[in-house]
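Working notes, structure below.
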Amino acid sequence: MGIPVKLQAFEGPLDLLLHLIDKNKVNIYDIPIVEITNQYLEYIEEMHRQDLNVMSEFLVMAATLIDIKSRMLLPKEVNEAGEEEDPRQELVEQLLEYKMYKYMSYELRDRQIDAGKALYKAPTLPDEVKEYVEPVDLTELMGDMTLSKLHYIFKSVIKKQADKIDPVRSKFGKIEKEEVSLTDQIAYVEQYAMEHPDFSFRELLEKQAGKMQVIVTFLAVLELMKMGRIRIMQEHIFDDIQISAA
């Protein structure tokens with residue numbers, strides 16, 4: 001009596017084999033090859049009306065099963081390491097690989113179904129809302145800090161930069177104009193504030209390579225304060241001014 005299954009329920013010979021293994025509740029690593037082969041042959045007997053190209057794939061697997069079945073009846077072969085070879089090993093590896101991809105396809109199918117249930121809406125914010133910038137209270141932002149204190153630190157750093165110049169060697173060679181972009185320096189200071197939660201104003205200026213960089217960095221700090229992107233504070237009157245990201 002044939003197995004009451006339909007070809008369209010299976011995607012190929014490996015799919016049918018997995019079905020038979022699950023149906024018989026056997027261990028995939030210890031397939032009862034005689035029983036599975038017999039059931040497999042019974043199934044393909046029902047396929048005589050199916051497309052020959054499809055049936056040929058099942059016939060190739062049938063020949064493989066018969067070959068394994070005959071090898072199981074013979075004395076076991078021994079490899080170079082002295083271990084007995086299992087004629088079913090290659091088939092088991094194919095089944096495990098197929099099973100893995102089969103369940104991966106189920107996962108992708110479920111994700112596609114879930115994605116099809118998601119609806120998206122294009123943003124419809126009015127231009128005046130998108131362009132709105134929250135006002136910054138400079139008095140609150142500055143706290144007890146004053147421009148005169150910033151100016152004092154700025155002048156002291158500029159003096160240090162000037163002291164680094166060799167009065168003799170500086171007269172030799174061609175002096176190139178130092179190009180420093182305020183936009184780039186604003187981005188640099190903002191990035192520095194993100195990477196350093198708390199740092200001093202003096203420390204920031206002393207990291208600059210030249211006088212022009214110090215000046216533009218000073219302007220960048222003022223601009224970022226105005227934009228509300230950084231905060232500055234000074235606990236005592238002669239302490240270093242501390243900067244942190246807002």
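Labels used: A, B, ... for chains in the order of the structure tokens, numbers from 1 for residues in each chain, and numbers from 1 for ligands as shown.
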Close residues, A:Lys99 itself excluded, 9 Å, only C-alpha atoms, min 3 positions apart in chain, as a short mmCIF file (atom, residue, chain, number, x, y, z; two decimals) with N, CA, C and O atoms, in the first residue's frame:
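Below is the file result_15.cif, written as the result:
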```
data_model
loop_
_atom_site.label_atom_id
_atom_site.label_comp_id
_atom_site.auth_asym_id
_atom_site.auth_seq_id
_atom_site.Cartn_x
_atom_site.Cartn_y
_atom_site.Cartn_z
N LEU A 14 15.09 15.51 -0.80
CA LEU A 14 15.53 15.69 0.59
C LEU A 14 14.36 16.08 1.49
O LEU A 14 14.30 15.67 2.66
N ASP A 15 13.44 16.87 0.94
CA ASP A 15 12.26 17.26 1.70
C ASP A 15 11.41 16.03 2.03
O ASP A 15 10.90 15.90 3.15
N LEU A 18 13.16 13.96 4.79
CA LEU A 18 12.95 14.56 6.11
C LEU A 18 11.55 14.24 6.63
O LEU A 18 11.36 13.98 7.83
N GLN A 94 23.87 15.93 4.09
CA GLN A 94 22.99 16.64 3.14
C GLN A 94 21.65 16.97 3.77
O GLN A 94 21.11 18.07 3.58
N LEU A 95 21.11 16.03 4.52
CA LEU A 95 19.80 16.25 5.18
C LEU A 95 19.90 17.37 6.22
O LEU A 95 19.00 18.21 6.31
N LEU A 96 20.97 17.37 7.00
CA LEU A 96 21.13 18.40 8.04
C LEU A 96 21.28 19.79 7.41
O LEU A 96 20.69 20.77 7.88
N LYS A 102 16.04 25.06 5.18
CA LYS A 102 14.57 25.03 5.16
C LYS A 102 14.00 25.88 6.30
O LYS A 102 13.09 26.69 6.09
N TYR A 103 14.54 25.71 7.50
CA TYR A 103 14.03 26.47 8.63
C TYR A 103 14.44 27.95 8.55
O TYR A 103 13.74 28.82 9.06
N MET A 104 15.57 28.22 7.91
CA MET A 104 15.94 29.62 7.67
C MET A 104 14.91 30.27 6.74
O MET A 104 14.54 31.43 6.92
#
```
Quick one: everything within 12 Å of A:Met72, counting only C-alpha atoms, minus sequence neighbours fewer than 6 positions away in the same chain. Send it as a list of chain:residue names.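 Those residues are A:Ile31, A:Pro32, A:Ile33, A:Val34, A:Leu65, A:Ile66, A:Glu84, A:Glu85, A:Asp86, A:Pro87, A:Arg88, A:Gln89.
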Atoms to include: all heavy atoms. Write the selected residues as a short mmCIF file (atom, residue, chain, number, x, y, z; two decimals), in the first residue's frame.
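Output below, filename selection-v2.cif:
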```
data_model
loop_
_atom_site.label_atom_id
_atom_site.label_comp_id
_atom_site.auth_asym_id
_atom_site.auth_seq_id
_atom_site.Cartn_x
_atom_site.Cartn_y
_atom_site.Cartn_z
N ILE A 31 19.65 6.52 10.73
CA ILE A 31 18.49 6.27 9.86
C ILE A 31 18.34 4.77 9.60
O ILE A 31 19.31 4.12 9.15
CB ILE A 31 18.64 7.02 8.53
CG1 ILE A 31 18.78 8.52 8.76
CG2 ILE A 31 17.46 6.74 7.61
CD1 ILE A 31 19.12 9.31 7.52
N PRO A 32 17.15 4.19 9.86
CA PRO A 32 16.90 2.80 9.46
C PRO A 32 16.74 2.74 7.95
O PRO A 32 15.63 2.87 7.41
CB PRO A 32 15.61 2.45 10.20
CG PRO A 32 14.93 3.75 10.42
CD PRO A 32 16.02 4.78 10.55
N ILE A 33 17.84 2.58 7.23
CA ILE A 33 17.88 2.80 5.80
C ILE A 33 16.95 1.85 5.03
O ILE A 33 16.36 2.24 4.01
CB ILE A 33 19.34 2.68 5.29
CG1 ILE A 33 19.50 3.42 3.95
CG2 ILE A 33 19.79 1.25 5.19
CD1 ILE A 33 19.43 4.90 4.07
N VAL A 34 16.79 0.62 5.50
CA VAL A 34 15.92 -0.34 4.80
C VAL A 34 14.48 0.15 4.83
O VAL A 34 13.80 0.22 3.80
CB VAL A 34 16.05 -1.74 5.42
CG1 VAL A 34 15.06 -2.71 4.76
CG2 VAL A 34 17.47 -2.26 5.27
N LEU A 65 19.64 5.74 -2.25
CA LEU A 65 19.18 4.98 -1.08
C LEU A 65 19.41 3.48 -1.27
O LEU A 65 19.82 2.77 -0.33
CB LEU A 65 17.69 5.26 -0.84
CG LEU A 65 17.35 6.67 -0.32
CD1 LEU A 65 15.83 6.88 -0.32
CD2 LEU A 65 17.90 6.89 1.07
N ILE A 66 19.15 3.00 -2.48
CA ILE A 66 19.37 1.57 -2.75
C ILE A 66 20.85 1.23 -2.64
O ILE A 66 21.23 0.18 -2.10
CB ILE A 66 18.82 1.21 -4.16
CG1 ILE A 66 17.30 1.35 -4.16
CG2 ILE A 66 19.23 -0.20 -4.55
CD1 ILE A 66 16.68 1.21 -5.54
N GLU A 84 35.60 2.78 11.32
CA GLU A 84 34.58 2.23 10.41
C GLU A 84 33.80 3.38 9.76
O GLU A 84 33.40 4.32 10.43
CB GLU A 84 33.63 1.31 11.18
CG GLU A 84 34.29 0.04 11.68
CD GLU A 84 33.28 -0.88 12.36
OE1 GLU A 84 32.14 -0.42 12.62
OE2 GLU A 84 33.63 -2.04 12.64
N GLU A 85 33.59 3.29 8.45
CA GLU A 85 32.86 4.31 7.72
C GLU A 85 31.38 3.94 7.65
O GLU A 85 31.03 2.79 7.41
CB GLU A 85 33.42 4.46 6.30
CG GLU A 85 34.84 5.02 6.28
CD GLU A 85 35.32 5.27 4.86
OE1 GLU A 85 34.66 4.77 3.93
OE2 GLU A 85 36.36 5.93 4.69
N ASP A 86 30.53 4.93 7.87
CA ASP A 86 29.09 4.73 7.80
C ASP A 86 28.61 5.16 6.41
O ASP A 86 28.77 6.33 6.04
CB ASP A 86 28.39 5.57 8.88
CG ASP A 86 26.91 5.21 9.02
OD1 ASP A 86 26.35 4.65 8.06
OD2 ASP A 86 26.33 5.52 10.07
N PRO A 87 28.03 4.26 5.62
CA PRO A 87 27.57 4.62 4.28
C PRO A 87 26.51 5.72 4.29
O PRO A 87 26.27 6.37 3.27
CB PRO A 87 26.98 3.31 3.73
CG PRO A 87 27.59 2.23 4.56
CD PRO A 87 27.81 2.83 5.91
N ARG A 88 25.88 5.95 5.45
CA ARG A 88 24.82 6.96 5.54
C ARG A 88 25.34 8.36 5.83
O ARG A 88 24.57 9.33 5.79
CB ARG A 88 23.83 6.56 6.64
CG ARG A 88 23.19 5.20 6.46
CD ARG A 88 22.48 4.74 7.72
NE ARG A 88 23.42 4.51 8.81
CZ ARG A 88 23.06 4.13 10.04
NH1 ARG A 88 21.79 3.91 10.31
NH2 ARG A 88 23.97 3.94 10.97
N GLN A 89 26.65 8.48 6.14
CA GLN A 89 27.19 9.74 6.63
C GLN A 89 26.95 10.90 5.67
O GLN A 89 26.50 11.98 6.07
CB GLN A 89 28.70 9.59 6.91
CG GLN A 89 29.36 10.84 7.47
CD GLN A 89 28.79 11.25 8.80
OE1 GLN A 89 28.39 10.41 9.61
NE2 GLN A 89 28.71 12.57 9.05
#
```
Computed interatomic separation between atom CA of A:Asp240 and atom CA of A:Lys211 (Å):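 That distance, rounded to one decimal, is 20.3 Å.
Nearest to A:Leu91 of all the residues A:Arg111, A:Glu134, A:Ser70, A:Leu17 is A:Leu17, based on only C-alpha atoms.
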What separates atom CA of A:Gln185 and atom CA of A:Ala220 is a distance of 6.1 Å
